[in-house]
>>> print(open('run-v4.pdb').read())   # PDB, C-alpha atoms
ATOM      1  CA  MET D 488     -18.562  -4.823  14.572
ATOM      2  CA  ALA D 489     -17.984  -1.382  13.107
ATOM      3  CA  PRO D 490     -15.570   0.907  14.962
ATOM      4  CA  SER D 491     -16.848   4.192  16.331
ATOM      5  CA  SER D 492     -16.346   7.164  14.036
ATOM      6  CA  THR D 493     -15.864   9.481  17.032
ATOM      7  CA  PRO D 494     -13.511   7.785  19.481
ATOM      8  CA  ALA D 495     -13.005   9.279  22.897
ATOM      9  CA  THR D 496     -10.332  11.945  23.147
ATOM     10  CA  THR D 497      -8.651  10.031  25.977
ATOM     11  CA  PRO D 498      -9.353   6.328  25.428
ATOM     12  CA  ALA D 499      -9.565   4.048  28.423
ATOM     13  CA  PRO D 500      -6.353   2.137  29.126
ATOM     14  CA  ILE D 501      -6.240  -1.098  27.174
ATOM     15  CA  ALA D 502      -3.909  -2.924  29.485
ATOM     16  CA  ALA D 503      -4.584  -4.026  33.012
ATOM     17  CA  THR D 504      -2.069  -4.920  35.687
ATOM     18  CA  PRO D 505      -2.276  -8.666  36.371
ATOM     19  CA  SER D 506      -2.354  -9.904  39.898
ATOM     20  CA  ALA D 507       0.458 -11.846  41.515
ATOM     21  CA  PRO D 508      -0.698 -15.489  41.545
ATOM     22  CA  SER D 509      -0.312 -17.672  44.575
ATOM     23  CA  ALA D 510       1.674 -20.886  44.482
ATOM     24  CA  THR D 511      -0.291 -24.115  44.319
ATOM     25  CA  ALA D 512       0.983 -27.633  44.837
ATOM     26  CA  GLY D 513       0.611 -30.232  42.115
ATOM     27  CA  ASP D 514       0.509 -29.852  38.340
ATOM     28  CA  PRO D 515      -0.873 -26.335  37.715
ATOM     29  CA  HIS D 516      -1.480 -26.800  34.025
ATOM     30  CA  PRO D 517      -2.753 -30.183  32.832
ATOM     31  CA  SER D 518      -3.638 -30.248  29.136
ATOM     32  CA  LEU D 519      -7.222 -29.307  28.327
ATOM     33  CA  ASP D 520      -9.234 -32.069  26.681
ATOM     34  CA  PHE D 521     -11.921 -30.490  24.515
ATOM     35  CA  THR D 522     -13.911 -33.722  24.389
ATOM     36  CA  LYS D 523     -13.743 -34.230  28.144
ATOM     37  CA  VAL D 524     -13.133 -30.782  29.539
ATOM     38  CA  ALA D 525     -10.755 -30.671  32.477
ATOM     39  CA  PHE D 526     -12.106 -27.342  33.769
ATOM     40  CA  PRO D 527     -15.907 -27.473  33.350
ATOM     41  CA  ASP D 528     -16.445 -24.324  35.433
ATOM     42  CA  LEU D 529     -14.394 -22.401  32.880
ATOM     43  CA  LEU D 530     -15.141 -24.070  29.592
ATOM     44  CA  THR D 531     -18.437 -25.961  29.653
ATOM     45  CA  PRO D 532     -20.666 -22.846  29.566
ATOM     46  CA  TYR D 533     -18.844 -21.791  26.422
ATOM     47  CA  LYS D 534     -19.089 -25.008  24.479
ATOM     48  CA  SER D 535     -21.469 -24.475  21.600
ATOM     49  CA  THR D 536     -22.948 -26.417  18.719
ATOM     50  CA  PRO D 537     -22.015 -24.613  15.501
ATOM     51  CA  SER D 538     -24.275 -24.899  12.463
ATOM     52  CA  ALA D 539     -21.525 -26.926  10.802
ATOM     53  CA  SER D 540     -19.024 -29.305  12.333
ATOM     54  CA  PRO D 541     -16.018 -27.255  13.489
ATOM     55  CA  ALA D 542     -13.731 -29.913  12.038
ATOM     56  CA  SER D 543     -14.944 -29.013   8.539
ATOM     57  CA  VAL D 544     -15.098 -25.219   8.964
ATOM     58  CA  LEU D 545     -12.145 -23.112   7.794
ATOM     59  CA  ASN D 546     -11.888 -19.382   7.080
ATOM     60  CA  ASN D 547     -11.766 -16.857   4.267
ATOM     61  CA  ALA D 548     -11.667 -13.746   6.473
ATOM     62  CA  PRO D 549      -8.884 -11.287   5.559
ATOM     63  CA  LEU D 550      -6.319 -11.411   8.377
ATOM     64  CA  ASP D 551      -3.474  -9.306   7.012
ATOM     65  CA  GLY D 552      -1.870  -6.479   8.992
ATOM     66  CA  ALA D 553      -3.871  -3.718   7.301
ATOM     67  CA  THR D 554      -7.151  -5.480   8.110
ATOM     68  CA  ILE D 555      -6.187  -6.042  11.762
ATOM     69  CA  THR D 556      -5.206  -2.374  12.084
ATOM     70  CA  LYS D 557      -8.496  -1.267  10.551
ATOM     71  CA  LEU D 558     -10.448  -3.470  12.964
ATOM     72  CA  ALA D 559      -8.619  -1.856  15.894
ATOM     73  CA  THR D 560      -9.125   1.709  14.661
ATOM     74  CA  GLY D 561     -11.619   3.623  16.774
ATOM     75  CA  ILE D 562     -11.631   0.879  19.408
ATOM     76  CA  ILE D 563      -8.194   0.684  20.980
ATOM     77  CA  ASP D 564      -7.175   4.079  19.606
ATOM     78  CA  ALA D 565      -8.270   6.701  17.085
ATOM     79  CA  SER D 566      -5.399   5.709  14.793
ATOM     80  CA  PRO D 567      -3.324   2.775  16.060
ATOM     81  CA  LYS D 568      -0.016   2.133  14.328
ATOM     82  CA  LEU D 569       1.132  -1.283  13.135
ATOM     83  CA  THR D 570       4.692  -1.314  14.479
ATOM     84  CA  SER D 571       5.708  -4.850  13.541
ATOM     85  CA  SER D 572       4.458  -8.056  11.983
ATOM     86  CA  PHE D 573       5.737 -11.625  11.969
ATOM     87  CA  ALA D 574       4.763 -14.528   9.738
ATOM     88  CA  PHE D 575       5.641 -18.203  10.022
ATOM     89  CA  PRO D 576       3.956 -20.425   7.419
ATOM     90  CA  ARG D 577       4.234 -24.158   7.962
ATOM     91  CA  ALA D 578       3.040 -27.079   5.875
ATOM     92  CA  THR D 579      -0.315 -27.284   7.690
ATOM     93  CA  SER D 580      -0.620 -23.999   9.586
ATOM     94  CA  PHE D 581       0.210 -20.303   9.566
ATOM     95  CA  GLN D 582       1.329 -18.286  12.586
ATOM     96  CA  ALA D 583       1.020 -14.511  12.408
ATOM     97  CA  ARG D 584       1.781 -11.826  14.985
ATOM     98  CA  TYR D 585       0.824  -8.168  14.647
ATOM     99  CA  THR D 586       1.925  -5.512  17.131
ATOM    100  CA  LEU D 587      -0.126  -2.322  17.379
ATOM    101  CA  GLN D 588       0.683   0.801  19.361
ATOM    102  CA  THR D 589      -1.623   3.609  20.416
ATOM    103  CA  SER D 590      -0.919   7.326  20.209
ATOM    104  CA  ALA D 591      -2.408   7.987  23.659
ATOM    105  CA  LYS D 592      -0.040   8.597  26.541
ATOM    106  CA  PRO D 593       1.116   6.480  28.193
ATOM    107  CA  ALA D 594       1.319   4.420  25.013
ATOM    108  CA  GLN D 595      -0.411   1.041  24.979
ATOM    109  CA  GLN D 596       0.813  -1.965  22.995
ATOM    110  CA  VAL D 597      -1.552  -4.615  21.680
ATOM    111  CA  THR D 598      -0.224  -7.895  20.280
ATOM    112  CA  VAL D 599      -2.437 -10.063  18.080
ATOM    113  CA  ASP D 600      -1.374 -13.701  17.629
ATOM    114  CA  LEU D 601      -3.217 -15.841  15.086
ATOM    115  CA  THR D 602      -2.650 -19.522  14.377
ATOM    116  CA  ILE D 603      -4.508 -20.621  11.243
ATOM    117  CA  CYS D 604      -4.827 -24.397  11.405
ATOM    118  CA  ALA D 605      -5.938 -27.200   9.116
ATOM    119  CA  ASP D 606      -8.846 -28.204  11.382
ATOM    120  CA  ALA D 607     -10.519 -27.503  14.724
ATOM    121  CA  LYS D 608      -8.542 -30.178  16.588
ATOM    122  CA  SER D 609      -5.265 -28.513  15.586
ATOM    123  CA  ALA D 610      -6.561 -25.123  16.778
ATOM    124  CA  GLN D 611      -7.521 -26.687  20.114
ATOM    125  CA  ASP D 612      -4.057 -28.240  20.336
ATOM    126  CA  ALA D 613      -2.555 -24.778  19.734
ATOM    127  CA  MET D 614      -4.599 -23.416  22.642
ATOM    128  CA  ASN D 615      -3.428 -26.312  24.825
ATOM    129  CA  PHE D 616       0.167 -25.618  23.849
ATOM    130  CA  TYR D 617      -0.226 -22.006  24.951
ATOM    131  CA  LEU D 618      -1.902 -23.007  28.227
ATOM    132  CA  ASN D 619       0.944 -25.384  28.975
ATOM    133  CA  SER D 620       3.311 -22.392  28.986
ATOM    134  CA  PHE D 621       1.603 -21.059  32.132
ATOM    135  CA  THR D 622       3.695 -21.400  35.285
ATOM    136  CA  GLN D 623       0.804 -20.454  37.598
ATOM    137  CA  ASP D 624      -2.219 -22.445  38.606
ATOM    138  CA  TYR D 625      -4.980 -21.818  36.085
ATOM    139  CA  LYS D 626      -7.511 -20.771  38.700
ATOM    140  CA  ASP D 627      -5.223 -17.947  39.833
ATOM    141  CA  VAL D 628      -4.992 -16.255  36.452
ATOM    142  CA  LEU D 629      -7.765 -17.561  34.175
ATOM    143  CA  LYS D 630     -11.494 -17.071  33.950
ATOM    144  CA  LYS D 631     -14.143 -17.472  31.285
ATOM    145  CA  THR D 632     -14.619 -14.435  29.092
ATOM    146  CA  ASP D 633     -17.480 -12.057  29.767
ATOM    147  CA  ARG D 634     -18.483 -12.382  26.108
ATOM    148  CA  LEU D 635     -18.438 -15.676  24.232
ATOM    149  CA  LEU D 636     -15.858 -15.739  21.454
ATOM    150  CA  GLY D 637     -15.763 -18.698  19.077
ATOM    151  CA  GLN D 638     -16.399 -22.133  20.575
ATOM    152  CA  VAL D 639     -14.308 -21.586  23.721
ATOM    153  CA  SER D 640     -12.710 -18.432  25.140
ATOM    154  CA  LEU D 641     -10.697 -17.525  28.229
ATOM    155  CA  GLN D 642      -9.143 -14.379  29.648
ATOM    156  CA  THR D 643      -6.450 -13.172  32.019
ATOM    157  CA  ALA D 644      -6.084  -9.679  33.423
ATOM    158  CA  GLY D 645      -4.475  -8.401  30.234
ATOM    159  CA  SER D 646      -5.275 -10.933  27.525
ATOM    160  CA  ILE D 647      -8.111 -12.752  25.795
ATOM    161  CA  PHE D 648      -7.693 -15.946  23.775
ATOM    162  CA  TRP D 649     -10.098 -18.272  22.050
ATOM    163  CA  VAL D 650     -10.704 -20.924  19.394
ATOM    164  CA  ARG D 651     -12.982 -20.090  16.483
ATOM    165  CA  ASP D 652     -13.302 -23.196  14.286
ATOM    166  CA  ALA D 653      -9.775 -23.819  12.933
ATOM    167  CA  VAL D 654      -8.260 -20.567  14.261
ATOM    168  CA  PHE D 655      -6.592 -19.990  17.621
ATOM    169  CA  ALA D 656      -6.508 -16.264  18.392
ATOM    170  CA  LYS D 657      -4.821 -14.466  21.272
ATOM    171  CA  VAL D 658      -4.713 -10.748  22.023
ATOM    172  CA  ASP D 659      -2.513  -9.238  24.749
ATOM    173  CA  ALA D 660      -2.292  -5.632  25.913
ATOM    174  CA  PHE D 661       0.068  -3.782  28.212
ATOM    175  CA  THR D 662       1.223  -0.250  28.935
ATOM    176  CA  LEU D 663       4.663   0.634  27.593
ATOM    177  CA  PRO D 664       7.061   1.875  30.264
ATOM    178  CA  THR D 665       7.893   5.572  30.519
ATOM    179  CA  ALA D 666      10.941   7.303  31.973
ATOM    180  CA  ALA D 667       8.930   8.083  35.083
ATOM    181  CA  SER D 668       7.772   4.502  35.548
ATOM    182  CA  LEU D 669      11.355   3.229  35.216
ATOM    183  CA  ALA D 670      12.782   5.720  37.716
ATOM    184  CA  PRO D 671      13.855   4.342  41.109
ATOM    185  CA  PRO D 672      11.112   4.646  43.756
ATOM    186  CA  THR D 673      11.403   7.525  46.192
ATOM    187  CA  THR D 674       9.742   5.561  48.986
ATOM    188  CA  PRO D 675      10.066   1.896  49.981
ATOM    189  CA  PRO D 676       7.546  -0.351  48.242
ATOM    190  CA  THR D 677       4.627  -1.675  50.242
ATOM    191  CA  VAL D 678       4.962  -5.388  50.905
ATOM    192  CA  SER D 679       1.842  -7.518  51.299
ATOM    193  CA  SER D 680       1.430 -11.263  51.631
ATOM    194  CA  THR D 681      -2.029 -11.046  50.031
ATOM    195  CA  PRO D 682      -2.039 -10.935  46.196
ATOM    196  CA  PRO D 683      -4.100  -8.080  44.738
ATOM    197  CA  ALA D 684      -7.490  -8.992  43.298
ATOM    198  CA  ALA D 685      -7.368 -10.082  39.656
ATOM    199  CA  THR D 686      -8.476  -7.436  37.217
ATOM    200  CA  ALA D 687     -10.455  -8.018  34.044
ATOM    201  CA  PRO D 688      -9.390  -6.976  30.546
ATOM    202  CA  SER D 689     -10.333  -3.403  29.681
ATOM    203  CA  LYS D 690     -13.416  -2.589  27.625
ATOM    204  CA  PRO D 691     -11.362  -1.525  24.544
ATOM    205  CA  LEU D 692      -9.581  -4.889  24.591
ATOM    206  CA  VAL D 693     -12.892  -6.754  24.945
ATOM    207  CA  ASP D 694     -14.455  -4.705  22.129
ATOM    208  CA  PHE D 695     -11.465  -5.277  19.836
ATOM    209  CA  THR D 696     -11.429  -9.040  20.369
ATOM    210  CA  THR D 697     -15.177  -9.087  19.748
ATOM    211  CA  ALA D 698     -14.635  -7.268  16.443
ATOM    212  CA  LEU D 699     -11.887  -9.727  15.479
ATOM    213  CA  ASP D 700     -14.050 -12.730  16.353
ATOM    214  CA  THR D 701     -16.912 -11.246  14.319
ATOM    215  CA  GLN D 702     -14.493 -10.984  11.387
ATOM    216  CA  LEU D 703     -13.640 -14.674  11.788
ATOM    217  CA  SER D 704     -17.300 -15.653  12.152
ATOM    218  CA  LYS D 705     -18.280 -13.851   8.950
ATOM    219  CA  GLY D 706     -15.425 -15.506   7.065
ATOM    220  CA  ALA D 707     -16.228 -19.063   8.167
ATOM    221  CA  VAL D 708     -16.710 -21.463   5.255
ATOM    222  CA  GLN D 709     -16.761 -25.179   4.613
ATOM    223  CA  ALA D 710     -13.302 -26.574   3.898
ATOM    224  CA  SER D 711     -14.154 -27.110   0.235
ATOM    225  CA  ALA D 712     -14.916 -23.381  -0.158
ATOM    226  CA  GLN D 713     -11.742 -22.013   1.425
ATOM    227  CA  HIS D 714      -9.632 -19.846  -0.874
ATOM    228  CA  LYS D 715      -6.271 -21.568  -1.324
ATOM    229  CA  PRO D 716      -3.022 -20.239  -2.781
ATOM    230  CA  ASN D 717      -1.943 -21.239  -6.266
ATOM    231  CA  VAL D 718       0.900 -23.755  -5.970
ATOM    232  CA  ALA D 719       1.290 -24.628  -9.655
ATOM    233  CA  LEU D 720       4.930 -24.568 -10.743
ATOM    234  CA  LYS D 721       6.176 -22.775 -13.834
ATOM    235  CA  GLY D 722       6.384 -25.238 -16.683
ATOM    236  CA  GLY D 723       5.064 -27.974 -14.415
ATOM    237  CA  VAL D 724       8.631 -28.996 -13.578
ATOM    238  CA  THR D 725       8.795 -31.043 -10.348
ATOM    239  CA  ALA D 726      12.186 -32.834 -10.717
ATOM    240  CA  TYR D 727      15.592 -31.134 -10.530
ATOM    241  CA  LYS D 728      19.178 -32.333 -10.858
ATOM    242  CA  VAL D 729      22.005 -30.114  -9.660
ATOM    243  CA  VAL D 730      25.749 -30.385  -9.041
ATOM    244  CA  ARG D 731      26.799 -30.072  -5.411
ATOM    245  CA  GLY D 732      27.670 -26.465  -4.573
ATOM    246  CA  LYS D 733      25.504 -25.019  -7.332
ATOM    247  CA  THR D 734      22.276 -23.068  -6.877
ATOM    248  CA  PHE D 735      19.018 -23.599  -8.717
ATOM    249  CA  SER D 736      15.644 -21.878  -8.785
ATOM    250  CA  VAL D 737      12.064 -23.114  -8.699
ATOM    251  CA  PHE D 738       9.309 -20.741  -9.837
ATOM    252  CA  LEU D 739       5.630 -20.576  -9.041
ATOM    253  CA  ALA D 740       3.541 -20.222 -12.181
ATOM    254  CA  ASP D 741       1.635 -17.310 -10.632
ATOM    255  CA  ALA D 742       2.622 -15.701  -7.327
ATOM    256  CA  LYS D 743      -0.133 -13.069  -7.411
ATOM    257  CA  GLY D 744      -1.907 -12.892  -4.045
ATOM    258  CA  ALA D 745       0.730 -15.007  -2.279
ATOM    259  CA  HIS D 746       2.082 -14.012   1.117
ATOM    260  CA  GLU D 747       5.598 -12.589   1.161
ATOM    261  CA  ALA D 748       6.796 -15.367   3.483
ATOM    262  CA  LYS D 749       7.733 -18.303   1.227
ATOM    263  CA  PRO D 750       9.739 -20.956   3.069
ATOM    264  CA  ALA D 751      10.625 -24.445   1.891
ATOM    265  CA  VAL D 752      11.466 -27.594   3.836
ATOM    266  CA  ALA D 753      13.704 -30.423   2.618
ATOM    267  CA  ALA D 754      13.092 -33.964   3.822
ATOM    268  CA  ASP D 755      16.880 -34.168   4.224
ATOM    269  CA  PRO D 756      18.132 -30.619   4.858
ATOM    270  CA  ALA D 757      21.737 -31.811   4.620
ATOM    271  CA  ILE D 758      21.240 -32.407   0.879
ATOM    272  CA  VAL D 759      19.364 -29.262  -0.162
ATOM    273  CA  LYS D 760      19.157 -25.884   1.565
ATOM    274  CA  GLN D 761      16.976 -22.889   0.773
ATOM    275  CA  VAL D 762      19.257 -19.912   0.113
ATOM    276  CA  LYS D 763      16.718 -17.200   0.948
ATOM    277  CA  ASN D 764      13.016 -16.617   1.377
ATOM    278  CA  GLY D 765      11.000 -16.943  -1.833
ATOM    279  CA  THR D 766      10.622 -13.683  -3.739
ATOM    280  CA  ALA D 767       7.552 -11.633  -4.611
ATOM    281  CA  ASP D 768       7.790 -13.116  -8.119
ATOM    282  CA  GLY D 769       7.541 -16.640  -6.720
ATOM    283  CA  GLU D 770      11.186 -17.672  -7.077
ATOM    284  CA  TYR D 771      12.561 -20.167  -4.539
ATOM    285  CA  VAL D 772      16.375 -20.437  -4.594
ATOM    286  CA  PHE D 773      18.196 -23.533  -3.343
ATOM    287  CA  VAL D 774      21.740 -24.871  -3.192
ATOM    288  CA  GLY D 775      22.835 -28.470  -3.529
ATOM    289  CA  ALA D 776      24.791 -29.059  -0.309
ATOM    290  CA  LYS D 777      25.438 -32.803  -0.280
ATOM    291  CA  VAL D 778      25.296 -35.622  -2.808
ATOM    292  CA  GLY D 779      22.045 -37.503  -2.593
ATOM    293  CA  LYS D 780      18.325 -37.415  -3.339
ATOM    294  CA  THR D 781      15.557 -35.788  -1.345
ATOM    295  CA  LYS D 782      12.124 -34.234  -1.595
ATOM    296  CA  VAL D 783      11.574 -30.527  -0.952
ATOM    297  CA  LYS D 784       8.240 -29.056   0.097
ATOM    298  CA  LEU D 785       7.541 -25.503  -1.065
ATOM    299  CA  ILE D 786       5.125 -23.705   1.283
ATOM    300  CA  VAL D 787       2.798 -21.076  -0.171
ATOM    301  CA  ALA D 788       0.264 -19.000   1.760
ATOM    302  CA  ARG D 789      -2.344 -16.480   0.676
ATOM    303  CA  ALA D 790      -1.716 -12.901   1.750
ATOM    304  CA  ASP D 791      -5.352 -12.314   2.752
ATOM    305  CA  ASN D 792      -6.810 -15.281   4.680
ATOM    306  CA  LEU D 793      -3.357 -16.842   5.399
ATOM    307  CA  ALA D 794      -4.457 -20.252   4.059
ATOM    308  CA  VAL D 795      -1.529 -22.563   3.295
ATOM    309  CA  SER D 796      -0.847 -25.080   0.521
ATOM    310  CA  THR D 797       2.284 -26.986  -0.456
ATOM    311  CA  VAL D 798       3.874 -28.502  -3.528
ATOM    312  CA  ASN D 799       6.677 -31.096  -3.592
ATOM    313  CA  ILE D 800       9.681 -31.347  -5.873
ATOM    314  CA  ASP D 801      12.290 -34.110  -6.225
ATOM    315  CA  VAL D 802      15.928 -33.058  -6.123
ATOM    316  CA  GLU D 803      19.038 -35.033  -6.949
ATOM    317  CA  VAL D 804      22.412 -33.552  -6.037
ATOM    318  CA  THR D 805      25.388 -35.044  -7.898
ATOM    319  CA  LYS D 806      29.128 -34.747  -7.264
ATOM    320  CA  PRO D 807      31.181 -32.302  -9.317
ATOM    321  CA  ASP D 808      33.353 -33.778 -12.060
ATOM    322  CA  GLY D 809      36.684 -34.939 -10.717
ATOM    323  CA  TYR D 810      35.473 -35.337  -7.136
ATOM    324  CA  ALA D 811      35.120 -38.695  -5.412
ATOM    325  CA  GLN D 812      32.156 -37.508  -3.331
TER
END
>>> encode(input="run-v4.pdb", output="structure tokens")
Amino acid sequence: MAPSSTPATTPAPIAATPSAPSATAGDPHPSLDFTKVAFPDLLTPYKSTPSASPASVLNNAPLDGATITKLATGIIDASPKLTSSFAFPRATSFQARYTLQTSAKPAQQVTVDLTICADAKSAQDAMNFYLNSFTQDYKDVLKKTDRLLGQVSLQTAGSIFWVRDAVFAKVDAFTLPTAASLAPPTTPPTVSSTPPAATAPSKPLVDFTTALDTQLSKGAVQASAQHKPNVALKGGVTAYKVVRGKTFSVFLADAKGAHEAKPAVAADPAIVKQVKNGTADGEYVFVGAKVGKTKVKLIVARADNLAVSTVNIDVEVTKPDGYAQ
């Protein structure tokens, strides 16, 4: 979905004020079962039959901060600013968060959370995990989206979230506080026992999530066609021996196109510890912390589609000369 080249001078507010939910007895948030949907009134109308099995569909769509900002331009604001980004690659998934801010006053903040998973089931589990964080009864705060996104999509007053194949996406919007809004009230607040009616997400938020879902739809590919990061190691070395207390480095053969976040996970973190995040040149630095043997998994992600791959090394940490342990 192409953004408008002539955005409105005063864009409509992105955020909406959510209603105060009522308390409901019983478990307000049972886990959603995507094979036997717990909330058919919400989810069943949005179950679809993709052209390919969702379990085998991954993604090549660019999902970096610059791309997300470009998608939002002309929709949430004439020139939104990317104020922060967060990346957390894991062995089988990648979590990214991008925070955008508008120039309109009062300023609006839009947060984009993406969880890139290994398969559709994992993306559905990620959605369930998010839903289980709700403290209100679902029916008080959730409804099906006005536009279908992915295979299943839901909305609250100020957020939209959905599963598209192996991606769980969530977009939230709210108005940043101003000095005036934080000032003490001059009159007593009105107290009502009736919660205000729930409001729907604003049109800019709906349009932006539609553009993001279109980006994901266009990038959908069979698992065998997904672009993966290069995890070959320099010199093909996969076994290392180091004296306790000493550092050592492991290098990727080619770090071009890799995401800047480069963590590593030791099977026994007491034996080997990563000293710092891997560098732009593909150097992972470790220290031998305890005598013993362990495997270490280097995690590498692509900077564009955030796809993750791993490579294992074997590490033996020996005692220094003259030490009993």
>>> closest_residue(input="run-v4.pdb", among="D:Val693, D:Ala698, D:Leu793, D:Leu663", to="Thr560 of chain D", atoms="only C-alpha atoms")
D:Ala698
>>> residues_around(input="run-v4.pdb", residues="Val802 of chain D", least_positions_apart="6", cutoff="7 Å", atoms="all atoms listed in the file", output="ChimeraX atom specification")
/D:726-728,780-782
>>> atom_distance(input="run-v4.pdb", atom1="atom CA of Lys715 of chain D", atom2="atom CA of Asn792 of chain D")
8.7 Å
>>> closest_residue(input="run-v4.pdb", among="D:Lys657, D:His746, D:Lys784, D:Arg651", to="Thr696 of chain D", atoms="all atoms listed in the file")
D:Lys657
>>> residues_near_point(input="run-v4.pdb", point="(-10.8, -5.2, 15.6)", cutoff="7 Å", atoms="only C-alpha atoms", output="PyMOL selection string")
chain D and resi 555+557-559+695-696+698-699
>>> write_last_selection(input="run-v4.pdb", atoms="C-alpha atoms", output="mmCIF file, keeping the file's coordinate frame")
data_model
loop_
_atom_site.group_PDB
_atom_site.id
_atom_site.type_symbol
_atom_site.label_atom_id
_atom_site.label_comp_id
_atom_site.auth_asym_id
_atom_site.auth_seq_id
_atom_site.Cartn_x
_atom_site.Cartn_y
_atom_site.Cartn_z
ATOM 1 C CA ILE D 555 -6.187 -6.042 11.762
ATOM 2 C CA LYS D 557 -8.496 -1.267 10.551
ATOM 3 C CA LEU D 558 -10.448 -3.470 12.964
ATOM 4 C CA ALA D 559 -8.619 -1.856 15.894
ATOM 5 C CA PHE D 695 -11.465 -5.277 19.836
ATOM 6 C CA THR D 696 -11.429 -9.040 20.369
ATOM 7 C CA ALA D 698 -14.635 -7.268 16.443
ATOM 8 C CA LEU D 699 -11.887 -9.727 15.479
#
>>> residues_around(input="run-v4.pdb", residues="segment 571-581 of chain D", least_positions_apart="5", cutoff="9 Å", atoms="only C-alpha atoms", output="PyMOL selection string")
chain D and resi 552+586-587+601-605+609+747-752+784-788+793-797
>>> closest_residue(input="run-v4.pdb", among="D:Asp606, D:Asp612, D:Asp791, D:Asp700", to="Gly744 of chain D", atoms="all atoms listed in the file")
D:Asp791
